[in-house]
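Chemist: Below is the file entry_3.cif, with mmCIF, C-alpha atoms.
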data_final
loop_
_atom_site.label_atom_id
_atom_site.label_comp_id
_atom_site.auth_asym_id
_atom_site.auth_seq_id
_atom_site.Cartn_x
_atom_site.Cartn_y
_atom_site.Cartn_z
CA MET A 1159 99.99 35.69 -37.74
CA LEU A 1160 97.16 37.40 -35.87
CA LYS A 1161 95.55 40.34 -37.62
CA VAL A 1162 94.94 42.97 -34.95
CA GLY A 1163 92.70 46.01 -35.18
CA LEU A 1164 92.94 48.95 -32.79
CA ILE A 1165 90.02 51.15 -31.82
CA GLY A 1166 91.70 54.38 -30.79
CA TYR A 1167 95.31 55.44 -31.22
CA GLY A 1168 96.07 57.59 -28.21
CA ALA A 1169 98.80 57.08 -25.65
CA ILE A 1170 97.96 53.42 -24.98
CA GLY A 1171 97.53 52.54 -28.64
CA LYS A 1172 100.81 54.16 -29.62
CA ASP A 1173 102.68 52.45 -26.80
CA LEU A 1174 101.11 49.11 -27.71
CA ALA A 1175 102.26 49.52 -31.32
CA THR A 1176 105.91 49.54 -30.21
CA TYR A 1177 105.63 45.83 -29.27
CA PHE A 1178 104.67 44.64 -32.74
CA ASP A 1179 108.10 43.53 -33.89
CA SER A 1180 110.07 40.29 -33.81
CA ASP A 1181 112.06 41.31 -30.73
CA HIS A 1182 108.99 40.86 -28.53
CA GLY A 1183 107.90 37.50 -29.91
CA LEU A 1184 104.39 38.72 -30.73
CA ASN A 1185 103.09 36.78 -33.70
CA ALA A 1186 100.73 39.54 -34.78
CA GLU A 1187 100.43 42.65 -36.91
CA ILE A 1188 98.36 45.80 -36.58
CA THR A 1189 96.18 45.51 -39.68
CA GLY A 1190 93.82 48.40 -39.09
CA ILE A 1191 93.12 51.37 -36.82
CA LEU A 1192 89.67 52.90 -36.31
CA VAL A 1193 89.79 56.56 -35.23
CA ARG A 1194 87.69 59.68 -35.64
CA SER A 1195 90.41 61.63 -37.50
CA PRO A 1196 92.70 59.39 -39.59
CA GLU A 1197 94.63 62.40 -40.88
CA LYS A 1198 96.04 62.99 -37.40
CA ILE A 1199 98.05 59.76 -37.52
CA SER A 1200 101.16 60.98 -39.31
CA ILE A 1201 103.27 57.90 -38.57
CA PRO A 1202 101.35 54.60 -38.91
CA PRO A 1203 102.59 51.50 -37.04
CA ASN A 1204 103.47 49.82 -40.37
CA GLU A 1205 103.12 50.58 -44.06
CA ARG A 1206 100.34 48.01 -44.57
CA CYS A 1207 98.08 49.30 -41.80
CA VAL A 1208 94.71 50.71 -42.88
CA ILE A 1209 93.73 53.81 -40.91
CA THR A 1210 90.06 54.72 -41.22
CA ASN A 1211 87.07 56.36 -39.57
CA GLU A 1212 84.71 54.01 -41.42
CA GLU A 1213 83.44 51.14 -39.31
CA ASP A 1214 82.62 48.95 -42.33
CA THR A 1215 86.12 49.40 -43.76
CA PHE A 1216 87.70 48.50 -40.44
CA TYR A 1217 85.68 45.31 -40.00
CA SER A 1218 86.19 44.24 -43.61
CA LEU A 1219 89.89 43.64 -42.87
CA GLY A 1220 89.29 40.12 -41.56
CA LEU A 1221 90.57 40.92 -38.08
CA ASP A 1222 91.35 38.13 -35.61
CA VAL A 1223 91.46 40.44 -32.59
CA VAL A 1224 90.13 43.93 -31.91
CA VAL A 1225 91.71 45.95 -29.10
CA GLU A 1226 89.59 48.78 -27.70
CA ALA A 1227 91.61 51.66 -26.25
CA ALA A 1228 89.35 54.64 -26.82
CA GLY A 1229 87.00 54.97 -23.84
CA HIS A 1230 83.65 53.73 -22.58
CA GLN A 1231 81.69 55.10 -25.53
CA SER A 1232 83.78 53.07 -27.96
CA VAL A 1233 82.94 49.86 -26.12
CA GLN A 1234 79.26 50.75 -26.42
CA GLN A 1235 79.54 51.73 -30.07
CA TYR A 1236 81.82 49.08 -31.49
CA GLY A 1237 82.13 46.17 -29.04
CA VAL A 1238 79.24 43.95 -30.09
CA MET A 1239 80.04 44.40 -33.77
CA ALA A 1240 83.68 43.39 -33.25
CA LEU A 1241 82.60 40.07 -31.77
CA ALA A 1242 79.82 39.58 -34.31
CA LYS A 1243 82.36 39.98 -37.13
CA GLY A 1244 84.36 37.08 -35.72
CA ALA A 1245 87.12 38.82 -33.78
CA HIS A 1246 88.16 38.38 -30.18
CA LEU A 1247 87.65 41.65 -28.28
CA VAL A 1248 90.21 42.99 -25.79
CA ILE A 1249 88.73 45.77 -23.66
CA VAL A 1250 90.82 48.42 -21.94
CA SER A 1251 87.89 50.61 -20.85
CA VAL A 1252 86.47 47.94 -18.57
CA GLY A 1253 84.39 50.44 -16.61
CA ALA A 1254 81.94 50.44 -19.52
CA LEU A 1255 80.82 47.01 -18.32
CA THR A 1256 79.06 48.56 -15.32
CA ASP A 1257 76.25 48.89 -17.87
CA ASP A 1258 74.63 45.49 -17.27
CA GLU A 1259 72.71 45.55 -20.55
CA LEU A 1260 75.88 46.25 -22.54
CA PHE A 1261 77.79 43.52 -20.73
CA SER A 1262 75.02 41.01 -21.44
CA SER A 1263 74.99 41.98 -25.12
CA LEU A 1264 78.76 41.51 -25.36
CA LYS A 1265 78.60 38.10 -23.72
CA GLU A 1266 75.77 37.03 -26.03
CA ALA A 1267 77.77 38.18 -29.07
CA ALA A 1268 80.85 36.29 -27.85
CA VAL A 1269 78.85 33.08 -27.40
CA ALA A 1270 77.19 33.43 -30.80
CA SER A 1271 80.50 34.01 -32.61
CA LYS A 1272 82.49 31.54 -30.48
CA LYS A 1273 84.98 34.28 -29.67
CA GLN A 1274 86.22 35.74 -26.40
CA LEU A 1275 85.67 39.01 -24.58
CA ILE A 1276 89.12 39.48 -23.02
CA ILE A 1277 89.77 41.69 -20.00
CA PRO A 1278 93.51 42.09 -19.38
CA SER A 1279 94.96 42.62 -15.91
CA ALA A 1280 96.19 46.03 -17.11
CA ALA A 1281 97.30 48.22 -14.20
CA ILE A 1282 96.77 45.78 -11.33
CA ALA A 1283 97.99 42.35 -10.26
CA GLY A 1284 96.30 39.37 -8.66
CA LEU A 1285 93.24 39.05 -10.94
CA ASP A 1286 94.12 35.43 -11.70
CA ARG A 1287 94.19 34.49 -8.01
CA ILE A 1288 91.01 36.39 -7.12
CA ASN A 1289 89.15 34.95 -10.10
CA ALA A 1290 90.23 31.47 -9.04
CA ALA A 1291 89.15 32.22 -5.47
CA SER A 1292 85.69 33.28 -6.70
CA ASN A 1293 84.95 29.62 -7.40
CA HIS A 1294 84.35 29.33 -3.64
CA THR A 1295 83.40 31.91 -1.01
CA LEU A 1296 84.93 35.39 -1.12
CA GLU A 1297 84.37 37.48 1.99
CA GLU A 1298 85.91 40.79 0.97
CA VAL A 1299 87.71 42.40 -1.97
CA LYS A 1300 89.10 45.92 -1.70
CA LEU A 1301 91.08 48.25 -3.95
CA VAL A 1302 93.00 51.34 -2.86
CA SER A 1303 94.22 53.45 -5.80
CA ARG A 1304 96.63 56.36 -5.45
CA LYS A 1305 97.85 58.65 -8.22
CA PRO A 1306 99.96 61.81 -8.13
CA PRO A 1307 98.28 65.19 -8.80
CA ARG A 1308 99.33 65.34 -12.47
CA ALA A 1309 97.16 62.29 -13.19
CA TRP A 1310 93.99 64.12 -12.17
CA TYR A 1311 94.08 67.20 -14.40
CA GLY A 1312 91.10 67.31 -16.70
CA THR A 1313 88.88 65.39 -14.26
CA PHE A 1314 86.24 66.44 -11.73
CA VAL A 1315 88.88 65.98 -9.01
CA GLU A 1316 90.09 69.49 -9.86
CA GLU A 1317 86.87 70.75 -8.29
CA LYS A 1318 87.59 68.93 -5.02
CA VAL A 1319 91.23 69.81 -4.41
CA ASP A 1320 93.84 72.29 -5.59
CA LEU A 1321 96.18 69.98 -7.51
CA LYS A 1322 98.93 72.60 -7.61
CA THR A 1323 99.19 73.11 -3.85
CA ILE A 1324 98.06 69.81 -2.31
CA LYS A 1325 100.62 68.55 0.26
CA LYS A 1326 98.99 65.48 1.80
CA PRO A 1327 97.10 62.47 0.37
CA PHE A 1328 93.44 63.32 -0.14
CA CYS A 1329 90.66 60.72 -0.52
CA VAL A 1330 88.40 61.69 -3.41
CA PHE A 1331 86.27 58.54 -3.33
CA ASP A 1332 85.28 55.95 -0.75
CA GLY A 1333 82.59 53.54 -1.87
CA TYR A 1334 82.00 50.66 -4.28
CA ALA A 1335 83.29 49.79 -7.73
CA ARG A 1336 80.14 50.44 -9.76
CA GLU A 1337 80.26 54.12 -8.87
CA SER A 1338 84.06 54.49 -9.01
CA ALA A 1339 84.22 53.00 -12.51
CA LYS A 1340 81.66 55.56 -13.70
CA LEU A 1341 83.22 58.52 -11.90
CA PHE A 1342 86.76 57.81 -13.11
CA PRO A 1343 86.37 56.40 -16.65
CA GLU A 1344 90.06 56.88 -17.50
CA SER A 1345 91.70 56.43 -14.12
CA VAL A 1346 90.04 53.59 -12.21
CA ASN A 1347 89.10 50.99 -14.82
CA VAL A 1348 91.04 48.62 -12.56
CA SER A 1349 88.13 48.64 -10.09
CA ALA A 1350 85.86 47.25 -12.82
CA ALA A 1351 88.29 44.48 -13.76
CA LEU A 1352 88.70 43.54 -10.11
CA SER A 1353 84.92 43.43 -9.66
CA LEU A 1354 84.43 41.11 -12.60
CA ALA A 1355 87.18 38.82 -11.33
CA GLY A 1356 85.74 38.60 -7.83
CA MET A 1357 82.63 39.77 -5.98
CA GLY A 1358 80.96 42.06 -8.50
CA PHE A 1359 80.53 45.82 -8.87
CA ASP A 1360 78.30 46.31 -5.85
CA GLN A 1361 80.43 44.45 -3.30
CA THR A 1362 83.96 45.46 -4.28
CA LYS A 1363 85.19 48.24 -1.99
CA VAL A 1364 87.19 51.09 -3.52
CA GLN A 1365 89.13 54.07 -2.19
CA VAL A 1366 90.77 56.60 -4.51
CA PHE A 1367 93.42 59.11 -3.44
CA VAL A 1368 95.20 62.08 -4.91
CA ASP A 1369 98.66 61.60 -3.41
CA PRO A 1370 101.35 64.29 -3.83
CA THR A 1371 103.89 62.12 -1.99
CA ILE A 1372 104.22 59.59 -4.83
CA GLU A 1373 105.48 59.68 -8.41
CA LYS A 1374 103.97 56.43 -9.69
CA ASN A 1375 100.39 55.22 -9.96
CA SER A 1376 99.75 52.84 -7.06
CA HIS A 1377 97.08 50.14 -6.70
CA GLU A 1378 96.73 47.89 -3.67
CA VAL A 1379 94.39 44.91 -3.80
CA THR A 1380 93.39 42.94 -0.72
CA ALA A 1381 91.04 39.99 -0.57
CA LYS A 1382 90.06 37.22 1.80
CA GLY A 1383 87.85 34.19 1.62
CA HIS A 1384 87.82 30.40 1.67
CA PHE A 1385 91.14 30.37 -0.23
CA GLY A 1386 92.93 32.41 2.45
CA GLU A 1387 94.09 36.00 2.11
CA VAL A 1388 96.04 38.00 -0.45
CA SER A 1389 97.52 41.49 -0.53
CA VAL A 1390 99.14 42.82 -3.68
CA LYS A 1391 100.54 46.31 -4.23
CA VAL A 1392 101.82 47.59 -7.55
CA GLN A 1393 103.50 50.87 -8.46
CA ASN A 1394 103.19 51.67 -12.14
CA THR A 1395 105.22 54.14 -14.17
CA PRO A 1396 102.70 56.58 -15.74
CA LEU A 1397 102.55 56.96 -19.49
CA LEU A 1398 104.45 60.06 -20.55
CA ASP A 1399 101.63 61.20 -22.84
CA ASN A 1400 98.83 60.25 -20.46
CA PRO A 1401 99.68 60.05 -16.75
CA LYS A 1402 96.18 58.73 -16.02
CA SER A 1403 97.38 55.40 -17.42
CA SER A 1404 100.58 53.33 -17.19
CA TYR A 1405 103.04 51.53 -19.45
CA ILE A 1406 102.04 48.18 -17.93
CA VAL A 1407 98.61 48.47 -19.59
CA SER A 1408 99.97 47.89 -23.09
CA MET A 1409 102.32 45.20 -21.77
CA SER A 1410 99.27 43.43 -20.36
CA ILE A 1411 97.52 43.62 -23.73
CA VAL A 1412 100.61 42.10 -25.36
CA LYS A 1413 100.39 39.19 -22.92
CA ALA A 1414 96.71 38.70 -23.77
CA LEU A 1415 97.54 38.63 -27.50
CA LYS A 1416 100.37 36.16 -26.96
CA ASN A 1417 98.03 33.88 -25.01
CA LEU A 1418 95.80 33.51 -28.07
CA SER A 1419 98.51 31.74 -30.06
CA ALA A 1420 101.21 30.64 -27.61
CA PRO A 1421 101.96 26.93 -27.06
CA VAL A 1422 102.45 27.65 -23.35
CA VAL A 1423 100.24 30.01 -21.33
CA ILE A 1424 101.35 31.20 -17.88
CA GLY A 1425 99.37 32.78 -15.05
CA VAL A 1426 95.72 32.00 -15.79
#
Translate the structure of the given file into structure tokens.

Modeler:
Amino acid sequence: MLKVGLIGYGAIGKDLATYFDSDHGLNAEITGILVRSPEKISIPPNERCVITNEEDTFYSLGLDVVVEAAGHQSVQQYGVMALAKGAHLVIVSVGALTDDELFSSLKEAAVASKKQLIIPSAAIAGLDRINAASNHTLEEVKLVSRKPPRAWYGTFVEEKVDLKTIKKPFCVFDGYARESAKLFPESVNVSAALSLAGMGFDQTKVQVFVDPTIEKNSHEVTAKGHFGEVSVKVQNTPLLDNPKSSYIVSMSIVKALKNLSAPVVIGV
């Protein structure tokens, strides 16, 4: 059984914890959770789980996999150590990897420990096909992300548009993935994952919309190259506790965990 450690226990972490039972066929257990305020977790995922704010205590648990779900700063603070301690590292806050020095350090740590830095598909689809296509020539990769107004509260988007009265879709960003991943650290991590799968941060085109005409978070990926062309559109149900993210994110992490021990792996 895989021993899994979580960094962060917000909306994604709590939703992920619901899959750790026999009904979902996940041969793993949440062994530890690293958070700033352990006392705020009133209901742990299981009675054996160690909840701590001490990094040394967390890494002393002999973890097989560490799942980061706490933001860009957590990747910077804890990512290299997770790999160095002999755990695979699953990153949710992929936008942190726009920091080239950090990304290089994580890759070096993964090589040294013979472990993997795992980037799940999370909120988008088609990463497997685009990553395969990157083995030859890619001509263009583009992402168009749309989220309803409630997903943008607490972000700088509030300064650009009145989220309470907006009636039509409004483009809040039109550029490339390196900038979008930095501007929207909670909302557009998908642009970073897409960049790493395909043409890189500085060539992946991104548009981001506030869209009052939709209820679900929407991401449309288009790409063309030597392989042909692909267009994939997904509509994700937002997390109840955090509409910036979606339920499919934790489902994608579950798939990544299953792949580490499953006798059959699909869609890679």

Chemist: To test your reading of the syntax: which residues would the PyMOL selection byres ((chain A and resi 1308) around 10) return for the file shown? Reply as a VMD selection string.

Modeler: chain A and resid 1305 to 1307 1309 to 1312 1321 to 1322 1368 to 1370 1373 1396 1400 to 1402

Chemist: Quick one, how far is atom CA of A:Ile1191 from atom CA of A:Lys1340?

Modeler: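 Separation of atom CA of A:Ile1191 and atom CA of A:Lys1340: 26.1 Å.
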
Chemist: Could you work out how far atom CA of A:Glu1317 lies from atom CA of A:Val1330, giving the answer in Å with one decimal?

Modeler: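 Result for atom CA of A:Val1330 versus atom CA of A:Glu1317: 10.4 Å, one decimal.
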
Chemist: Which residue gives the smallest distance to A:Ala1335 among A:Asp1181, A:Glu1197, A:Glu1298, A:Asp1360, with all atoms listed in the file counted?

Modeler: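 Among the listed residues, A:Asp1360 lies closest to A:Ala1335.
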
Chemist: Quick one: of A:Val1208, A:Asp1222, A:Tyr1334, A:Arg1287, who's nearest to A:Asn1185, counting all atoms listed in the file?

Modeler: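 Closest to A:Asn1185 of all the choices is A:Asp1222.
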
Chemist: Compile the contact shell of A:Leu1275 as JSON, numbers by chain: residues with an atom at most 12 Å away, counting only C-alpha atoms, same-chain residues fewer than 2 positions apart removed.

Modeler: {"A": [1223, 1224, 1225, 1226, 1233, 1237, 1238, 1240, 1241, 1242, 1244, 1245, 1246, 1247, 1248, 1249, 1250, 1252, 1255, 1261, 1262, 1263, 1264, 1265, 1266, 1267, 1268, 1269, 1270, 1271, 1272, 1273, 1277, 1278, 1414]}

Chemist: Written as a PyMOL selection string, which residues does the PyMOL selection byres ((chain A and resi 1164) around 12) give for the file shown?

Modeler: chain A and resi 1161-1163+1165-1168+1170-1175+1187-1193+1202-1203+1207-1211+1213+1216-1217+1219+1221-1228+1232+1236-1237+1240+1245-1250+1411

Chemist: Between A:Gly1425, A:Ala1350, A:Glu1378, A:Val1366, single out the one closest to A:His1230, counting all atoms listed in the file.

Modeler: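 Of the candidates, the smallest distance to A:His1230 is held by A:Ala1350.
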
Chemist: Closest to A:Val1315 among A:Ala1291, A:Phe1367, A:Gly1356, A:Ile1276, using only C-alpha atoms?

Modeler: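 Of A:Ala1291, A:Phe1367, A:Gly1356, A:Ile1276, the one nearest A:Val1315, counting only C-alpha atoms, is A:Phe1367.
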
Chemist: Report as a list in words the residues that result from applying the PyMOL selection byres ((chain A and resi 1387) around 10) to the structure here.

Modeler: Ile1288, Ala1291, Leu1296, Glu1297, Glu1298, Val1299, Thr1380, Ala1381, Lys1382, Gly1383, His1384, Phe1385, Gly1386, Val1388 and Ser1389 of chain A

Chemist: Between A:Ser1345, A:Ser1338, A:Ser1251, A:Asn1289, which residue has the minimum interatomic distance to A:Phe1359, considering all atoms listed in the file?

Modeler: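 Closest to A:Phe1359, using all atoms listed in the file: A:Ser1338.
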
Chemist: Which is closest to A:Asp1258 among A:Ile1406, A:Val1412, A:Met1159, A:Leu1354, if we use all atoms listed in the file?

Modeler: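 Between A:Ile1406, A:Val1412, A:Met1159, A:Leu1354, the residue approaching A:Asp1258 most closely is A:Leu1354.
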
Chemist: What does the distance from atom CA of A:Met1357 to atom CA of A:Ser1292 come to in Å, to one decimal?

Modeler: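 Separation between atom CA of A:Met1357 and atom CA of A:Ser1292: 7.2 Å.
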
Chemist: Please work out which residues fall within 10 Å of (102.0, 29.7, -32.9), coordinates as given in the file, with all atoms listed in the file counting, and return them as a PyMOL selection string.

Modeler: chain A and resi 1159-1160+1184-1185+1416-1422

Chemist: Got time to write the residues from that selection, C-alpha atoms, as a short mmCIF file (atom, residue, chain, number, x, y, z; two decimals), keeping the file's coordinate frame?

Modeler:
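Result file is part.cif:
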data_model
loop_
_atom_site.label_atom_id
_atom_site.label_comp_id
_atom_site.auth_asym_id
_atom_site.auth_seq_id
_atom_site.Cartn_x
_atom_site.Cartn_y
_atom_site.Cartn_z
CA MET A 1159 99.99 35.69 -37.74
CA LEU A 1160 97.16 37.40 -35.87
CA LEU A 1184 104.39 38.72 -30.73
CA ASN A 1185 103.09 36.78 -33.70
CA LYS A 1416 100.37 36.16 -26.96
CA ASN A 1417 98.03 33.88 -25.01
CA LEU A 1418 95.80 33.51 -28.07
CA SER A 1419 98.51 31.74 -30.06
CA ALA A 1420 101.21 30.64 -27.61
CA PRO A 1421 101.96 26.93 -27.06
CA VAL A 1422 102.45 27.65 -23.35
#

Chemist: Give me the box for stretch 1268-1281 of chain A as AutoDock Vina command-line options, namely the centre and edge lengths in Å to one decimal of a box along x, y and z that holds every listed atom plus 5 Å on each side.

Modeler:
--center_x 87.2 --center_y 39.9 --center_z -23.4 --size_x 30.1 --size_y 26.7 --size_z 28.4

Chemist: Since the input lacks atoms, please generate all heavy atoms for stretch 1192-1203 of chain A and provide them as an mmCIF file, in the coordinates of the input.

Modeler:
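Everything below was put into result_27.cif:
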data_model
loop_
_atom_site.group_PDB
_atom_site.id
_atom_site.type_symbol
_atom_site.label_atom_id
_atom_site.label_comp_id
_atom_site.auth_asym_id
_atom_site.auth_seq_id
_atom_site.Cartn_x
_atom_site.Cartn_y
_atom_site.Cartn_z
ATOM 1 N N LEU A 1192 90.915 52.149 -36.174
ATOM 2 C CA LEU A 1192 89.670 52.900 -36.310
ATOM 3 C C LEU A 1192 89.729 54.114 -35.392
ATOM 4 O O LEU A 1192 89.807 53.982 -34.168
ATOM 5 C CB LEU A 1192 88.481 52.005 -35.942
ATOM 6 C CG LEU A 1192 87.084 52.627 -36.044
ATOM 7 C CD1 LEU A 1192 86.764 53.020 -37.483
ATOM 8 C CD2 LEU A 1192 86.023 51.656 -35.511
ATOM 9 N N VAL A 1193 89.720 55.301 -35.983
ATOM 10 C CA VAL A 1193 89.790 56.560 -35.230
ATOM 11 C C VAL A 1193 88.868 57.587 -35.865
ATOM 12 O O VAL A 1193 88.472 57.451 -37.026
ATOM 13 C CB VAL A 1193 91.235 57.126 -35.192
ATOM 14 C CG1 VAL A 1193 92.138 56.298 -34.300
ATOM 15 C CG2 VAL A 1193 91.813 57.215 -36.602
ATOM 16 N N ARG A 1194 88.565 58.631 -35.101
ATOM 17 C CA ARG A 1194 87.690 59.680 -35.640
ATOM 18 C C ARG A 1194 88.384 60.482 -36.738
ATOM 19 O O ARG A 1194 87.761 60.876 -37.718
ATOM 20 C CB ARG A 1194 87.273 60.644 -34.521
ATOM 21 C CG ARG A 1194 86.325 60.047 -33.490
ATOM 22 C CD ARG A 1194 85.731 61.144 -32.630
ATOM 23 N NE ARG A 1194 84.902 60.620 -31.553
ATOM 24 C CZ ARG A 1194 85.330 60.412 -30.327
ATOM 25 N NH1 ARG A 1194 86.579 60.688 -30.004
ATOM 26 N NH2 ARG A 1194 84.515 59.933 -29.400
ATOM 27 N N SER A 1195 89.690 60.750 -36.556
ATOM 28 C CA SER A 1195 90.410 61.630 -37.500
ATOM 29 C C SER A 1195 91.665 60.933 -38.005
ATOM 30 O O SER A 1195 92.766 61.116 -37.462
ATOM 31 C CB SER A 1195 90.770 62.949 -36.808
ATOM 32 O OG SER A 1195 89.630 63.589 -36.292
ATOM 33 N N PRO A 1196 91.550 60.118 -39.058
ATOM 34 C CA PRO A 1196 92.700 59.390 -39.590
ATOM 35 C C PRO A 1196 93.870 60.283 -39.982
ATOM 36 O O PRO A 1196 95.033 59.883 -39.878
ATOM 37 C CB PRO A 1196 92.130 58.669 -40.822
ATOM 38 C CG PRO A 1196 90.669 58.564 -40.557
ATOM 39 C CD PRO A 1196 90.315 59.809 -39.789
ATOM 40 N N GLU A 1197 93.571 61.506 -40.409
ATOM 41 C CA GLU A 1197 94.630 62.400 -40.880
ATOM 42 C C GLU A 1197 95.584 62.819 -39.766
ATOM 43 O O GLU A 1197 96.695 63.292 -40.037
ATOM 44 C CB GLU A 1197 94.015 63.649 -41.527
ATOM 45 C CG GLU A 1197 93.285 64.592 -40.582
ATOM 46 C CD GLU A 1197 91.852 64.176 -40.264
ATOM 47 O OE1 GLU A 1197 91.435 63.110 -40.763
ATOM 48 O OE2 GLU A 1197 91.176 64.911 -39.529
ATOM 49 N N LYS A 1198 95.183 62.613 -38.518
ATOM 50 C CA LYS A 1198 96.040 62.990 -37.400
ATOM 51 C C LYS A 1198 97.135 61.965 -37.109
ATOM 52 O O LYS A 1198 98.059 62.238 -36.352
ATOM 53 C CB LYS A 1198 95.190 63.220 -36.144
ATOM 54 C CG LYS A 1198 94.288 64.441 -36.235
ATOM 55 C CD LYS A 1198 93.539 64.670 -34.937
ATOM 56 C CE LYS A 1198 92.668 65.912 -35.016
ATOM 57 N NZ LYS A 1198 91.925 66.163 -33.757
ATOM 58 N N ILE A 1199 97.018 60.788 -37.710
ATOM 59 C CA ILE A 1199 98.050 59.760 -37.520
ATOM 60 C C ILE A 1199 99.096 59.932 -38.612
ATOM 61 O O ILE A 1199 98.940 59.429 -39.731
ATOM 62 C CB ILE A 1199 97.459 58.342 -37.535
ATOM 63 C CG1 ILE A 1199 96.406 58.204 -36.432
ATOM 64 C CG2 ILE A 1199 98.555 57.295 -37.362
ATOM 65 C CD1 ILE A 1199 95.746 56.839 -36.377
ATOM 66 N N SER A 1200 100.137 60.657 -38.309
ATOM 67 C CA SER A 1200 101.160 60.980 -39.310
ATOM 68 C C SER A 1200 102.140 59.832 -39.521
ATOM 69 O O SER A 1200 102.703 59.672 -40.604
ATOM 70 C CB SER A 1200 101.916 62.241 -38.910
ATOM 71 O OG SER A 1200 102.489 62.091 -37.620
ATOM 72 N N ILE A 1201 102.341 59.029 -38.460
ATOM 73 C CA ILE A 1201 103.270 57.900 -38.570
ATOM 74 C C ILE A 1201 102.516 56.621 -38.205
ATOM 75 O O ILE A 1201 102.315 56.320 -37.023
ATOM 76 C CB ILE A 1201 104.486 58.072 -37.635
ATOM 77 C CG1 ILE A 1201 105.191 59.398 -37.927
ATOM 78 C CG2 ILE A 1201 105.452 56.913 -37.791
ATOM 79 C CD1 ILE A 1201 106.346 59.692 -36.993
ATOM 80 N N PRO A 1202 102.076 55.834 -39.202
ATOM 81 C CA PRO A 1202 101.350 54.600 -38.910
ATOM 82 C C PRO A 1202 102.288 53.531 -38.335
ATOM 83 O O PRO A 1202 103.507 53.616 -38.507
ATOM 84 C CB PRO A 1202 100.820 54.173 -40.287
ATOM 85 C CG PRO A 1202 101.777 54.782 -41.256
ATOM 86 C CD PRO A 1202 102.228 56.073 -40.637
ATOM 87 N N PRO A 1203 101.745 52.533 -37.642
ATOM 88 C CA PRO A 1203 102.590 51.500 -37.040
ATOM 89 C C PRO A 1203 103.325 50.637 -38.062
ATOM 90 O O PRO A 1203 104.372 50.062 -37.763
ATOM 91 C CB PRO A 1203 101.609 50.667 -36.210
ATOM 92 C CG PRO A 1203 100.270 50.939 -36.809
ATOM 93 C CD PRO A 1203 100.327 52.348 -37.309
#
